[in-house]
>>> print(open('coords.cif').read())   # mmCIF, C-alpha atoms
data_entry
loop_
_atom_site.label_atom_id
_atom_site.label_comp_id
_atom_site.auth_asym_id
_atom_site.auth_seq_id
_atom_site.Cartn_x
_atom_site.Cartn_y
_atom_site.Cartn_z
CA MET A 1 65.30 80.88 -48.53
CA ALA A 2 62.34 80.66 -46.20
CA ASN A 3 60.56 78.58 -48.77
CA ASP A 4 63.46 76.29 -49.43
CA PRO A 5 62.18 72.88 -48.30
CA ILE A 6 65.71 71.58 -47.88
CA HIS A 7 66.80 74.32 -45.55
CA GLN A 8 65.26 72.58 -42.52
CA PHE A 9 67.79 69.76 -42.85
CA GLN A 10 70.71 72.13 -42.78
CA ILE A 11 73.31 71.45 -40.15
CA SER A 12 74.77 74.49 -38.45
CA LYS A 13 77.68 74.44 -36.08
CA TRP A 14 77.05 75.82 -32.66
CA VAL A 15 80.32 74.93 -30.99
CA PRO A 16 83.06 74.08 -33.48
CA ILE A 17 85.18 71.15 -32.33
CA GLU A 18 87.85 69.62 -34.54
CA ILE A 19 89.91 66.61 -33.53
CA GLY A 20 92.50 65.03 -35.80
CA GLY A 21 91.17 66.77 -38.87
CA LEU A 22 87.65 65.48 -38.30
CA ASP A 23 84.80 67.79 -37.55
CA PHE A 24 83.10 66.85 -34.28
CA SER A 25 81.35 70.17 -33.81
CA PHE A 26 78.38 70.47 -31.54
CA THR A 27 75.71 71.29 -34.11
CA ASN A 28 71.98 71.86 -34.13
CA ALA A 29 71.68 68.13 -34.84
CA SER A 30 73.72 67.37 -31.72
CA ALA A 31 71.59 69.80 -29.73
CA PHE A 32 68.42 68.03 -30.84
CA MET A 33 69.90 64.65 -30.00
CA VAL A 34 70.54 65.99 -26.52
CA ALA A 35 67.04 67.45 -26.42
CA THR A 36 65.53 64.13 -27.56
CA VAL A 37 67.40 62.19 -24.93
CA ALA A 38 66.71 64.75 -22.24
CA ALA A 39 63.01 64.97 -23.06
CA ALA A 40 62.49 61.22 -23.24
CA GLY A 41 64.63 60.50 -20.19
CA ALA A 42 63.08 63.26 -18.10
CA PHE A 43 59.56 62.26 -19.08
CA LEU A 44 60.08 58.61 -18.22
CA PHE A 45 61.95 59.43 -15.03
CA LEU A 46 59.72 62.17 -13.67
CA THR A 47 56.36 60.62 -14.49
CA THR A 48 57.27 57.47 -12.61
CA SER A 49 58.88 59.22 -9.63
CA SER A 50 55.80 58.85 -7.43
CA ARG A 51 55.72 55.09 -8.13
CA GLY A 52 51.95 55.24 -7.80
CA LEU A 53 50.20 51.95 -7.29
CA VAL A 54 47.34 53.52 -9.20
CA PRO A 55 49.04 55.38 -12.04
CA GLY A 56 48.20 58.91 -13.06
CA ARG A 57 47.83 59.80 -16.72
CA LEU A 58 51.47 60.53 -17.39
CA GLN A 59 52.67 57.56 -15.42
CA SER A 60 50.27 55.46 -17.51
CA VAL A 61 51.94 56.73 -20.66
CA SER A 62 55.35 55.62 -19.38
CA GLU A 63 53.99 52.26 -18.28
CA MET A 64 52.16 51.76 -21.55
CA SER A 65 55.29 52.43 -23.58
CA TYR A 66 57.16 49.97 -21.35
CA GLU A 67 54.56 47.25 -21.77
CA PHE A 68 54.12 48.01 -25.45
CA VAL A 69 57.79 47.44 -26.21
CA ALA A 70 58.02 44.53 -23.77
CA SER A 71 55.16 42.65 -25.41
CA MET A 72 56.51 43.50 -28.88
CA LEU A 73 59.87 42.02 -27.98
CA ARG A 74 58.40 39.00 -26.19
CA ASP A 75 56.13 38.20 -29.13
CA ALA A 76 58.93 38.48 -31.68
CA ALA A 77 61.91 37.02 -29.82
CA GLY A 78 60.46 35.07 -26.91
CA SER A 79 61.38 35.45 -23.26
CA GLN A 80 65.05 34.92 -24.11
CA GLY A 81 64.93 38.14 -26.06
CA MET A 82 64.06 40.11 -22.95
CA LYS A 83 67.72 40.67 -22.18
CA PHE A 84 67.65 43.11 -25.09
CA PHE A 85 64.71 44.97 -23.67
CA PRO A 86 66.67 48.06 -22.52
CA PHE A 87 68.25 48.28 -25.96
CA VAL A 88 65.01 47.97 -27.91
CA PHE A 89 63.20 50.29 -25.55
CA SER A 90 65.96 52.92 -25.86
CA LEU A 91 65.84 52.66 -29.65
CA PHE A 92 62.07 52.95 -29.76
CA MET A 93 61.95 55.91 -27.40
CA PHE A 94 64.85 57.67 -29.09
CA VAL A 95 63.40 57.34 -32.59
CA LEU A 96 59.88 58.17 -31.44
CA VAL A 97 60.82 61.27 -29.49
CA ALA A 98 63.23 62.44 -32.21
CA ASN A 99 60.46 62.05 -34.80
CA LEU A 100 57.91 63.84 -32.65
CA LEU A 101 60.24 66.69 -31.70
CA GLY A 102 61.00 67.18 -35.38
CA LEU A 103 57.34 67.99 -36.00
CA PHE A 104 57.61 71.26 -34.09
CA PRO A 105 58.11 74.19 -36.43
CA TYR A 106 61.74 75.37 -36.61
CA PHE A 107 62.89 72.20 -34.87
CA PHE A 108 65.51 69.99 -36.39
CA THR A 109 64.64 66.35 -37.11
CA VAL A 110 67.49 64.12 -35.96
CA THR A 111 66.16 61.09 -37.84
CA SER A 112 65.98 62.95 -41.16
CA HIS A 113 69.69 62.37 -41.62
CA ILE A 114 70.67 59.08 -43.19
CA ILE A 115 73.87 58.83 -41.16
CA VAL A 116 71.91 58.82 -37.89
CA THR A 117 69.42 56.17 -38.96
CA PHE A 118 72.20 54.17 -40.60
CA ALA A 119 74.28 54.30 -37.43
CA LEU A 120 71.31 53.07 -35.43
CA ALA A 121 70.64 50.31 -37.98
CA LEU A 122 74.29 49.26 -37.88
CA LEU A 123 74.09 49.17 -34.11
CA VAL A 124 71.14 46.78 -34.40
CA ILE A 125 72.76 44.55 -37.01
CA GLY A 126 76.07 44.67 -35.15
CA THR A 127 74.31 43.51 -31.99
CA VAL A 128 72.62 40.73 -33.95
CA ILE A 129 75.89 39.51 -35.47
CA VAL A 130 77.96 39.76 -32.28
CA TYR A 131 75.34 38.16 -30.08
CA GLY A 132 74.47 35.59 -32.75
CA PHE A 133 78.05 34.32 -32.95
CA MET A 134 78.56 34.58 -29.20
CA LYS A 135 75.53 32.48 -28.42
CA ASN A 136 75.43 30.03 -31.32
CA GLY A 137 79.04 30.02 -32.47
CA ILE A 138 79.37 28.91 -36.05
CA GLY A 139 75.78 27.62 -35.86
CA PHE A 140 74.67 31.18 -36.38
CA LEU A 141 75.42 30.67 -40.08
CA LYS A 142 72.44 28.28 -40.21
CA LEU A 143 70.52 31.51 -40.50
CA PHE A 144 71.53 31.55 -44.16
CA VAL A 145 70.54 27.94 -44.82
CA PRO A 146 66.81 27.48 -44.35
CA SER A 147 65.85 23.90 -43.52
CA GLY A 148 63.88 21.83 -46.02
CA VAL A 149 65.45 23.31 -49.14
CA PRO A 150 66.41 20.83 -51.90
CA GLY A 151 70.20 20.39 -52.27
CA ILE A 152 70.44 21.94 -55.72
CA LEU A 153 68.80 25.15 -54.62
CA ILE A 154 70.95 25.64 -51.52
CA PRO A 155 73.64 27.84 -53.15
CA LEU A 156 70.99 30.07 -54.66
CA VAL A 157 68.99 30.29 -51.46
CA VAL A 158 72.11 31.01 -49.41
CA LEU A 159 73.02 33.78 -51.81
CA ILE A 160 69.58 35.29 -51.52
CA GLU A 161 69.64 34.99 -47.72
CA VAL A 162 73.04 36.67 -47.51
CA ILE A 163 71.92 39.52 -49.75
CA SER A 164 68.74 39.93 -47.74
CA PHE A 165 70.73 39.95 -44.52
CA LEU A 166 73.15 42.56 -45.85
CA SER A 167 70.33 44.74 -47.12
CA ARG A 168 68.72 44.81 -43.70
CA PRO A 169 70.69 47.74 -42.27
CA ILE A 170 70.10 49.63 -45.50
CA SER A 171 66.36 49.04 -45.62
CA LEU A 172 66.05 49.68 -41.89
CA SER A 173 67.85 53.01 -42.07
CA VAL A 174 66.54 54.21 -45.42
CA ARG A 175 62.94 53.50 -44.44
CA LEU A 176 63.10 55.76 -41.41
CA PHE A 177 65.23 58.41 -43.04
CA ALA A 178 63.16 58.61 -46.22
CA ASN A 179 59.89 58.77 -44.35
CA MET A 180 61.06 61.62 -42.17
CA LEU A 181 62.71 63.46 -45.04
CA ALA A 182 59.81 63.12 -47.45
CA GLY A 183 57.23 63.98 -44.83
CA HIS A 184 59.00 67.13 -43.80
CA ILE A 185 59.65 68.22 -47.38
CA THR A 186 55.99 67.67 -48.29
CA LEU A 187 54.90 69.61 -45.28
CA LYS A 188 57.25 72.43 -46.07
CA VAL A 189 56.24 72.54 -49.76
CA PHE A 190 52.53 72.75 -48.98
CA ALA A 191 53.12 75.31 -46.27
CA GLY A 192 55.26 77.22 -48.76
CA PHE A 193 52.33 77.29 -51.21
CA VAL A 194 50.26 79.05 -48.59
CA THR A 195 52.71 81.92 -48.24
CA SER A 196 53.52 82.25 -51.93
CA LEU A 197 49.86 82.12 -52.99
CA SER A 198 48.92 84.72 -50.37
CA ALA A 199 51.20 87.15 -52.17
CA PHE A 200 48.76 87.25 -55.13
CA GLY A 201 46.06 89.27 -53.44
CA PHE A 202 42.55 88.13 -52.68
CA VAL A 203 42.38 85.27 -55.18
CA GLY A 204 45.68 83.99 -53.91
CA VAL A 205 44.53 84.09 -50.30
CA ALA A 206 41.34 82.26 -51.23
CA GLY A 207 43.32 79.74 -53.22
CA SER A 208 45.76 79.17 -50.37
CA ILE A 209 43.03 77.57 -48.28
CA LEU A 210 43.52 74.30 -50.10
CA PRO A 211 47.25 73.92 -49.37
CA LEU A 212 46.58 75.12 -45.82
CA ALA A 213 44.08 72.33 -45.35
CA MET A 214 46.57 69.93 -46.87
CA THR A 215 49.25 71.15 -44.47
CA VAL A 216 46.98 70.51 -41.51
CA ALA A 217 46.07 67.08 -42.80
CA ILE A 218 49.67 66.16 -43.53
CA THR A 219 50.70 67.33 -40.07
CA GLY A 220 48.25 64.83 -38.67
CA LEU A 221 49.58 62.17 -40.98
CA GLU A 222 53.13 63.00 -39.95
CA PHE A 223 52.29 62.36 -36.30
CA LEU A 224 51.07 58.95 -37.35
CA VAL A 225 54.19 58.38 -39.43
CA ALA A 226 56.41 59.51 -36.56
CA PHE A 227 54.90 56.86 -34.32
CA LEU A 228 54.61 54.22 -37.02
CA GLN A 229 58.23 54.51 -38.10
CA ALA A 230 59.45 54.24 -34.52
CA TYR A 231 57.24 51.17 -34.15
CA VAL A 232 58.46 49.63 -37.40
CA PHE A 233 62.06 50.27 -36.45
CA ALA A 234 61.54 48.61 -33.07
CA VAL A 235 59.58 45.66 -34.49
CA LEU A 236 62.22 44.94 -37.11
CA THR A 237 64.90 45.20 -34.45
CA CYS A 238 62.99 42.60 -32.43
CA MET A 239 62.77 40.29 -35.45
CA TYR A 240 66.45 40.61 -36.27
CA LEU A 241 67.31 39.94 -32.63
CA ASN A 242 65.12 36.85 -32.83
CA ASP A 243 67.34 35.62 -35.67
CA ALA A 244 70.34 35.99 -33.40
CA ILE A 245 68.64 34.06 -30.59
CA HIS A 246 67.04 31.35 -32.72
CA PRO A 247 69.05 31.14 -35.97
CA GLY A 248 67.45 28.00 -37.44
CA HIS A 249 64.17 29.15 -38.95
CA MET B 250 77.44 60.60 -50.25
CA PHE B 251 80.99 60.33 -51.41
CA VAL B 252 82.18 63.50 -53.07
CA THR B 253 80.17 66.45 -52.05
CA PRO B 254 80.77 70.14 -52.01
CA GLY B 255 80.25 69.85 -48.28
CA TYR B 256 83.56 68.08 -47.99
CA ALA B 257 85.29 70.99 -49.65
CA GLN B 258 83.34 73.29 -47.46
CA GLU B 259 84.97 71.76 -44.41
CA HIS B 260 88.24 73.40 -45.39
CA ASN B 261 86.94 76.90 -45.61
CA ALA B 262 84.51 76.38 -42.74
CA PRO B 263 86.75 77.77 -39.97
CA ALA B 264 86.63 81.14 -41.62
CA LEU B 265 82.87 81.03 -41.73
CA ASP B 266 82.61 79.70 -38.19
CA GLU B 267 83.38 83.15 -36.91
CA ALA B 268 80.01 84.17 -38.27
CA HIS B 269 78.56 81.60 -35.78
CA THR B 270 76.02 80.26 -38.26
CA VAL B 271 76.92 78.15 -41.19
CA GLU B 272 74.15 78.18 -43.71
CA ASP B 273 76.18 78.26 -46.81
CA ALA B 274 75.78 74.70 -48.06
CA GLY B 275 72.08 75.19 -48.82
CA HIS B 276 72.72 78.40 -50.67
CA GLY B 277 75.62 77.07 -52.61
CA GLY B 278 73.23 74.77 -54.39
CA GLY B 279 73.85 71.13 -55.06
CA SER B 280 74.67 69.92 -51.60
CA PHE B 281 71.88 67.99 -49.99
CA PRO B 282 72.44 68.27 -46.24
CA PRO B 283 71.65 64.66 -45.28
CA PHE B 284 74.28 63.45 -47.76
CA ASP B 285 76.90 65.94 -46.66
CA ALA B 286 79.66 63.63 -45.49
CA SER B 287 81.48 66.39 -43.66
CA THR B 288 78.80 66.34 -40.99
CA PHE B 289 79.00 62.58 -40.49
CA PRO B 290 81.74 62.41 -37.84
CA SER B 291 80.02 64.98 -35.69
CA GLN B 292 76.62 63.30 -36.03
CA ILE B 293 78.00 59.85 -35.27
CA LEU B 294 79.95 61.10 -32.27
CA TRP B 295 77.05 62.99 -30.76
CA LEU B 296 74.64 60.20 -31.53
CA ALA B 297 76.95 57.75 -29.78
CA ILE B 298 77.27 60.03 -26.75
CA THR B 299 73.59 60.88 -26.44
CA PHE B 300 72.22 57.46 -27.29
CA GLY B 301 74.80 55.76 -25.09
CA LEU B 302 73.91 57.94 -22.11
CA PHE B 303 70.22 57.47 -22.85
CA TYR B 304 70.65 53.70 -22.95
CA LEU B 305 72.56 53.65 -19.67
CA PHE B 306 70.09 55.97 -17.99
CA LEU B 307 67.12 53.88 -19.07
CA LYS B 308 68.80 50.61 -18.18
CA LYS B 309 70.02 51.70 -14.76
CA ALA B 310 67.33 54.06 -13.57
CA VAL B 311 64.12 54.14 -15.56
CA LEU B 312 63.40 50.57 -16.58
CA PRO B 313 64.04 48.99 -13.16
CA ARG B 314 61.74 51.59 -11.69
CA ILE B 315 58.87 51.04 -14.17
CA GLY B 316 59.41 47.28 -13.98
CA GLY B 317 59.27 47.55 -10.20
CA ILE B 318 56.06 49.55 -10.30
CA LEU B 319 54.41 47.03 -12.60
CA GLU B 320 55.62 44.12 -10.51
CA VAL B 321 54.41 45.65 -7.27
CA ARG B 322 51.03 46.29 -8.86
CA HIS B 323 50.88 42.78 -10.25
CA ASP B 324 51.79 41.34 -6.84
CA ARG B 325 49.26 43.55 -5.13
CA ILE B 326 46.48 42.51 -7.49
CA GLN B 327 47.44 38.88 -7.06
CA GLN B 328 47.47 39.32 -3.30
CA ASP B 329 44.07 40.96 -3.34
CA LEU B 330 42.70 38.19 -5.52
CA ASP B 331 44.14 35.60 -3.17
CA GLN B 332 42.61 37.33 -0.21
CA ALA B 333 39.25 37.57 -1.94
CA GLY B 334 39.48 33.86 -2.73
CA ARG B 335 40.35 33.08 0.87
CA LEU B 336 37.47 35.17 2.19
CA LYS B 337 35.12 33.46 -0.20
CA GLU B 338 36.31 30.09 1.02
CA GLU B 339 35.75 31.20 4.58
CA ALA B 340 32.26 32.38 3.75
CA ASP B 341 31.54 29.09 2.00
CA ALA B 342 32.84 27.20 5.01
CA ALA B 343 30.65 29.27 7.31
CA VAL B 344 27.63 28.57 5.15
CA ALA B 345 28.46 24.87 5.13
CA ALA B 346 28.88 24.86 8.92
CA TYR B 347 25.57 26.65 9.32
CA GLU B 348 23.84 24.16 7.07
CA GLN B 349 25.43 21.32 9.01
CA GLU B 350 24.29 22.77 12.31
CA LEU B 351 20.83 23.28 10.95
CA ALA B 352 20.73 19.66 9.79
CA ASP B 353 22.05 18.49 13.17
CA ALA B 354 19.47 20.52 15.01
CA ARG B 355 16.74 19.13 12.83
CA THR B 356 17.90 15.56 13.43
CA LYS B 357 18.17 16.25 17.13
CA ALA B 358 14.70 17.77 17.24
CA ASN B 359 13.33 14.73 15.45
CA ALA B 360 15.14 12.48 17.89
CA ILE B 361 13.80 14.37 20.88
CA GLY B 362 10.30 14.29 19.45
CA GLN B 363 10.58 10.59 18.76
CA GLU B 364 11.90 9.96 22.23
CA ALA B 365 9.13 11.96 23.81
CA ARG B 366 6.61 10.16 21.69
CA ASP B 367 8.08 6.76 22.59
CA GLY B 368 8.25 7.70 26.26
CA ALA B 369 4.68 8.84 26.32
CA LYS B 370 3.60 5.73 24.50
CA ALA B 371 5.56 3.49 26.87
CA SER B 372 4.21 5.16 29.98
CA ALA B 373 0.69 5.04 28.60
CA GLU B 374 1.17 1.40 27.82
CA ALA B 375 2.55 0.77 31.30
CA ALA B 376 -0.33 2.61 32.87
CA ARG B 377 -2.77 0.67 30.76
CA LYS B 378 -1.08 -2.60 31.69
CA LYS B 379 -1.17 -1.67 35.34
CA VAL B 380 -4.81 -0.77 35.18
CA GLU B 381 -5.57 -3.95 33.30
CA ALA B 382 -3.55 -5.96 35.80
CA SER B 383 -5.40 -4.43 38.72
CA LEU B 384 -8.68 -4.92 36.96
CA ASP B 385 -7.79 -8.56 36.28
CA LYS B 386 -6.80 -8.99 39.87
CA LYS B 387 -10.02 -7.45 41.08
CA LEU B 388 -11.93 -9.62 38.65
CA GLY B 389 -10.04 -12.67 39.94
CA ASP B 390 -10.70 -11.69 43.54
CA ALA B 391 -14.31 -11.08 42.80
CA GLU B 392 -14.66 -14.41 41.04
CA ALA B 393 -12.87 -16.14 43.91
CA HIS B 394 -15.15 -14.39 46.33
CA ILE B 395 -18.18 -15.41 44.35
CA THR B 396 -16.93 -18.95 44.14
CA SER B 397 -16.32 -19.08 47.86
CA ILE B 398 -19.68 -17.50 48.57
CA LYS B 399 -21.30 -19.91 46.18
CA ALA B 400 -19.49 -22.79 47.80
CA ALA B 401 -20.48 -21.55 51.20
CA ALA B 402 -23.97 -21.02 49.99
CA MET B 403 -24.08 -24.47 48.48
CA LYS B 404 -22.83 -25.90 51.72
CA GLU B 405 -25.49 -23.96 53.57
CA VAL B 406 -28.03 -25.21 51.03
CA GLY B 407 -26.93 -28.78 51.76
CA THR B 408 -27.26 -28.31 55.51
CA ILE B 409 -30.57 -26.55 55.17
CA ALA B 410 -31.82 -29.26 52.87
CA GLU B 411 -30.75 -31.93 55.33
CA ASP B 412 -32.31 -30.08 58.19
CA THR B 413 -35.44 -29.41 56.24
CA ALA B 414 -35.58 -32.96 54.96
CA GLY B 415 -34.98 -34.23 58.50
CA ALA B 416 -37.72 -31.96 59.79
CA ILE B 417 -40.16 -32.92 57.07
CA VAL B 418 -39.53 -36.60 57.56
CA GLN B 419 -39.91 -36.19 61.30
CA GLU B 420 -43.20 -34.40 60.86
CA LEU B 421 -44.53 -36.86 58.29
CA VAL B 422 -43.21 -40.02 59.61
CA GLY B 423 -42.67 -39.00 63.11
CA GLY B 424 -39.64 -40.68 64.28
CA LYS B 425 -36.35 -39.49 64.35
CA LEU B 426 -33.95 -40.16 61.47
CA ASP B 427 -30.29 -40.11 62.08
CA LYS B 428 -28.47 -37.43 60.50
CA ALA B 429 -26.26 -39.47 58.24
CA THR B 430 -29.15 -41.10 56.48
CA VAL B 431 -30.75 -37.81 55.75
CA ALA B 432 -27.49 -36.40 54.43
CA ALA B 433 -27.06 -39.42 52.15
CA ALA B 434 -30.59 -39.03 50.89
CA VAL B 435 -30.16 -35.38 50.19
CA LYS B 436 -26.92 -36.06 48.42
CA ALA B 437 -28.60 -38.66 46.26
CA VAL B 438 -31.30 -36.21 45.27
CA ARG B 439 -28.93 -33.53 44.49
#
>>> encode(input="coords.cif", output="structure tokens")
Amino acid sequence: MANDPIHQFQISKWVPIEIGGLDFSFTNASAFMVATVAAAGAFLFLTTSSRGLVPGRLQSVSEMSYEFVASMLRDAAGSQGMKFFPFVFSLFMFVLVANLLGLFPYFFTVTSHIIVTFALALLVIGTVIVYGFMKNGIGFLKLFVPSGVPGILIPLVVLIEVISFLSRPISLSVRLFANMLAGHITLKVFAGFVTSLSAFGFVGVAGSILPLAMTVAITGLEFLVAFLQAYVFAVLTCMYLNDAIHPGH
Amino acid sequence: MFVTPGYAQEHNAPALDEAHTVEDAGHGGGSFPPFDASTFPSQILWLAITFGLFYLFLKKAVLPRIGGILEVRHDRIQQDLDQAGRLKEEADAAVAAYEQELADARTKANAIGQEARDGAKASAEAARKKVEASLDKKLGDAEAHITSIKAAAMKEVGTIAEDTAGAIVQELVGGKLDKATVAAAVKAVR
């Protein structure tokens, strides 16, 4: 069981709660969501509590993440998009911290469950649709009719645009989920080789150096992936929001 | 995602809950935890709660604070830059004023020098004129004196000549000539 690479995604109930036949138990996943939120919130809140004019190292980290997301959003969606800044920043920080926390051994990775990433993606697309119709009314549908397309091609292009729009929440959620899942499985498999090879005496121990090195290397890669996926998620969110703000493209 | 053993597991879960850890789905084989739909409601609920609170916390507390810090810093830097610019302008103005004063002083010095030079020249000229005038006057006086002396002398010469002529004639001729005749004779000779 210790070598089962799937075991790390197992959900275990800590406090069983059942309402109306649905299981709303407080699980390890819930606990790590709380931990993610608490860690990110506490870090951002405590490092900026001195409000230093000249920032310390940790305050710089908070400020850098703020400016990083702010410039990302401003570049993608313009200054009008800044009203979504708290939303995009929350998403980025939540995904990033969840990914990073998941890299600790024995920790649960919140974003390795498709339902979590899909819920977040639906939240993004839902925001885009609701805000898009609120701001542009029916004009939001221009999103599906690119300008400068010959009349005959319009039905085809609209079909393609609609499919691409509908596949957005899927690609957004599956990308993050699959990256986290695959990374953690790979890590676990290579780490598992180390223990199982070590059982074969001296030769096995010598041979386990290779998977050990791989594990170290992949751990490094996973840190990159953790950041990169949070970044990609946030960037795509910014682009989709831009569609809601400026539908004619 | 749709029909999983996990869904069936939900029904016998309460019995297992007493054992406080539920690790059966992995063992049972087949169920892949991320696709276990029985966990979805719980995950969605807790995600909504945690992410919602996180969003509110960031929006109300953290982001205004960081934004405020950055704005204050930006303002402060701008203020410092403005002040530096102002000080530079002041320094430039001081340099310009100094240059101006220097130029003024130079002009003034030239003016004073010129004035002094002109004054000296004028007084020298005046003195020279005065001296020349006095010399001219003296020369005039002297010439007048000479002329008068000469005239006097000439007059004397005339008288002497008449006297002498009268005397000579008297001696030679013996007889006495009247004075007017002698004077006329002398005049004719002269």
>>> resolve_selection(input="coords.cif", expression="the PyMOL selection byres ((chain B and resi 405-413) around 12)", output="MDAnalysis selection string")
chainID B and resid 397:404 414:421 425:439
>>> interface_residues(input="coords.cif", of="chain B", to="chain A", cutoff="6 Å", atoms="all atoms listed in the file", output="MDAnalysis selection string")
chainID B and resid 270:271 282:283 290:291 295 299 303:304 308 311 318 322
>>> atom_distance(input="coords.cif", atom1="atom CA of B:Ala354", atom2="atom CA of B:Leu336")
26.5 Å
>>> atom_distance(input="coords.cif", atom1="atom CA of A:Ile245", atom2="atom CA of A:Met134")
10.0 Å
>>> resolve_selection(input="coords.cif", expression="the PyMOL selection byres ((chain A and resi 237) around 9)", output="ChimeraX atom specification")
/A:73,88,91,121,124-125,128,172,232-236,238-242
>>> write_last_selection(input="coords.cif", atoms="C-alpha atoms", output="tab-separated table (two decimals), keeping the file's coordinate frame")
chain	number	residue	atom	x	y	z
A	73	LEU	CA	59.87	42.02	-27.98
A	88	VAL	CA	65.01	47.97	-27.91
A	91	LEU	CA	65.84	52.66	-29.65
A	121	ALA	CA	70.64	50.31	-37.98
A	124	VAL	CA	71.14	46.78	-34.40
A	125	ILE	CA	72.76	44.55	-37.01
A	128	VAL	CA	72.62	40.73	-33.95
A	172	LEU	CA	66.05	49.68	-41.89
A	232	VAL	CA	58.46	49.63	-37.40
A	233	PHE	CA	62.06	50.27	-36.45
A	234	ALA	CA	61.54	48.61	-33.07
A	235	VAL	CA	59.58	45.66	-34.49
A	236	LEU	CA	62.22	44.94	-37.11
A	238	CYS	CA	62.99	42.60	-32.43
A	239	MET	CA	62.77	40.29	-35.45
A	240	TYR	CA	66.45	40.61	-36.27
A	241	LEU	CA	67.31	39.94	-32.63
A	242	ASN	CA	65.12	36.85	-32.83
>>> closest_residue(input="coords.cif", among="A:Ile138, A:Val162, A:Ile185, A:Leu123", to="B:Ala297", atoms="only C-alpha atoms")
A:Leu123
>>> atom_distance(input="coords.cif", atom1="atom CA of B:Gly368", atom2="atom CA of B:Leu351")
25.2 Å
>>> resolve_selection(input="coords.cif", expression="the PyMOL selection byres ((chain A and resi 190-194) around 7)", output="ChimeraX atom specification")
/A:3,186-189,195-198,208,211-212,214-215
>>> closest_residue(input="coords.cif", among="A:Ile218, A:Ile152, A:Met180, A:Ala230", to="A:Gly102", atoms="all atoms listed in the file")
A:Met180
>>> axis_aligned_box(input="coords.cif", around="stretch 420-426 of chain B", padding_each_side="3 Å", output="AutoDock Vina command-line options")
--center_x -39.2 --center_y -37.5 --center_z 61.3 --size_x 16.6 --size_y 12.3 --size_z 12.1
>>> residues_around(input="coords.cif", residues="A:His246", least_positions_apart="5", cutoff="9 Å", atoms="only C-alpha atoms", output="ChimeraX atom specification")
/A:77,132,136,140,143,241
>>> closest_residue(input="coords.cif", among="A:Thr109, A:Ser167, A:Gln229, A:Thr127", to="A:His184", atoms="only C-alpha atoms")
A:Thr109
>>> decode(input="coords.cif", residues="stretch 314-323 of chain B", atoms="N, CA, C and O atoms", output="PDB file, in the first residue's frame")
ATOM      1  N   ARG B 314      -4.624  46.703   1.662  1.00  0.00           N
ATOM      2  CA  ARG B 314      -3.413  47.009   2.418  1.00  0.00           C
ATOM      3  C   ARG B 314      -2.186  47.044   1.493  1.00  0.00           C
ATOM      4  O   ARG B 314      -1.421  48.012   1.505  1.00  0.00           O
ATOM      5  N   ILE B 315      -2.015  45.986   0.679  1.00  0.00           N
ATOM      6  CA  ILE B 315      -0.843  45.958  -0.214  1.00  0.00           C
ATOM      7  C   ILE B 315      -0.927  47.108  -1.214  1.00  0.00           C
ATOM      8  O   ILE B 315       0.051  47.799  -1.478  1.00  0.00           O
ATOM      9  N   GLY B 316      -2.154  47.310  -1.749  1.00  0.00           N
ATOM     10  CA  GLY B 316      -2.331  48.420  -2.687  1.00  0.00           C
ATOM     11  C   GLY B 316      -1.955  49.738  -2.037  1.00  0.00           C
ATOM     12  O   GLY B 316      -1.295  50.576  -2.645  1.00  0.00           O
ATOM     13  N   GLY B 317      -2.371  49.889  -0.768  1.00  0.00           N
ATOM     14  CA  GLY B 317      -2.048  51.110  -0.033  1.00  0.00           C
ATOM     15  C   GLY B 317      -0.551  51.287   0.131  1.00  0.00           C
ATOM     16  O   GLY B 317      -0.012  52.373  -0.089  1.00  0.00           O
ATOM     17  N   ILE B 318       0.114  50.190   0.495  1.00  0.00           N
ATOM     18  CA  ILE B 318       1.573  50.258   0.677  1.00  0.00           C
ATOM     19  C   ILE B 318       2.230  50.707  -0.612  1.00  0.00           C
ATOM     20  O   ILE B 318       3.075  51.621  -0.627  1.00  0.00           O
ATOM     21  N   LEU B 319       1.821  50.081  -1.718  1.00  0.00           N
ATOM     22  CA  LEU B 319       2.458  50.400  -3.004  1.00  0.00           C
ATOM     23  C   LEU B 319       2.168  51.845  -3.395  1.00  0.00           C
ATOM     24  O   LEU B 319       3.045  52.545  -3.906  1.00  0.00           O
ATOM     25  N   GLU B 320       0.938  52.284  -3.104  1.00  0.00           N
ATOM     26  CA  GLU B 320       0.576  53.649  -3.477  1.00  0.00           C
ATOM     27  C   GLU B 320       1.369  54.664  -2.662  1.00  0.00           C
ATOM     28  O   GLU B 320       1.885  55.644  -3.200  1.00  0.00           O
ATOM     29  N   VAL B 321       1.453  54.381  -1.361  1.00  0.00           N
ATOM     30  CA  VAL B 321       2.212  55.290  -0.491  1.00  0.00           C
ATOM     31  C   VAL B 321       3.648  55.374  -0.974  1.00  0.00           C
ATOM     32  O   VAL B 321       4.234  56.460  -1.072  1.00  0.00           O
ATOM     33  N   ARG B 322       4.208  54.218  -1.326  1.00  0.00           N
ATOM     34  CA  ARG B 322       5.602  54.219  -1.779  1.00  0.00           C
ATOM     35  C   ARG B 322       5.726  55.000  -3.080  1.00  0.00           C
ATOM     36  O   ARG B 322       6.638  55.809  -3.242  1.00  0.00           O
ATOM     37  N   HIS B 323       4.774  54.745  -3.970  1.00  0.00           N
ATOM     38  CA  HIS B 323       4.806  55.448  -5.257  1.00  0.00           C
ATOM     39  C   HIS B 323       4.722  56.950  -5.037  1.00  0.00           C
ATOM     40  O   HIS B 323       5.494  57.726  -5.609  1.00  0.00           O
TER      41      HIS B 323
END
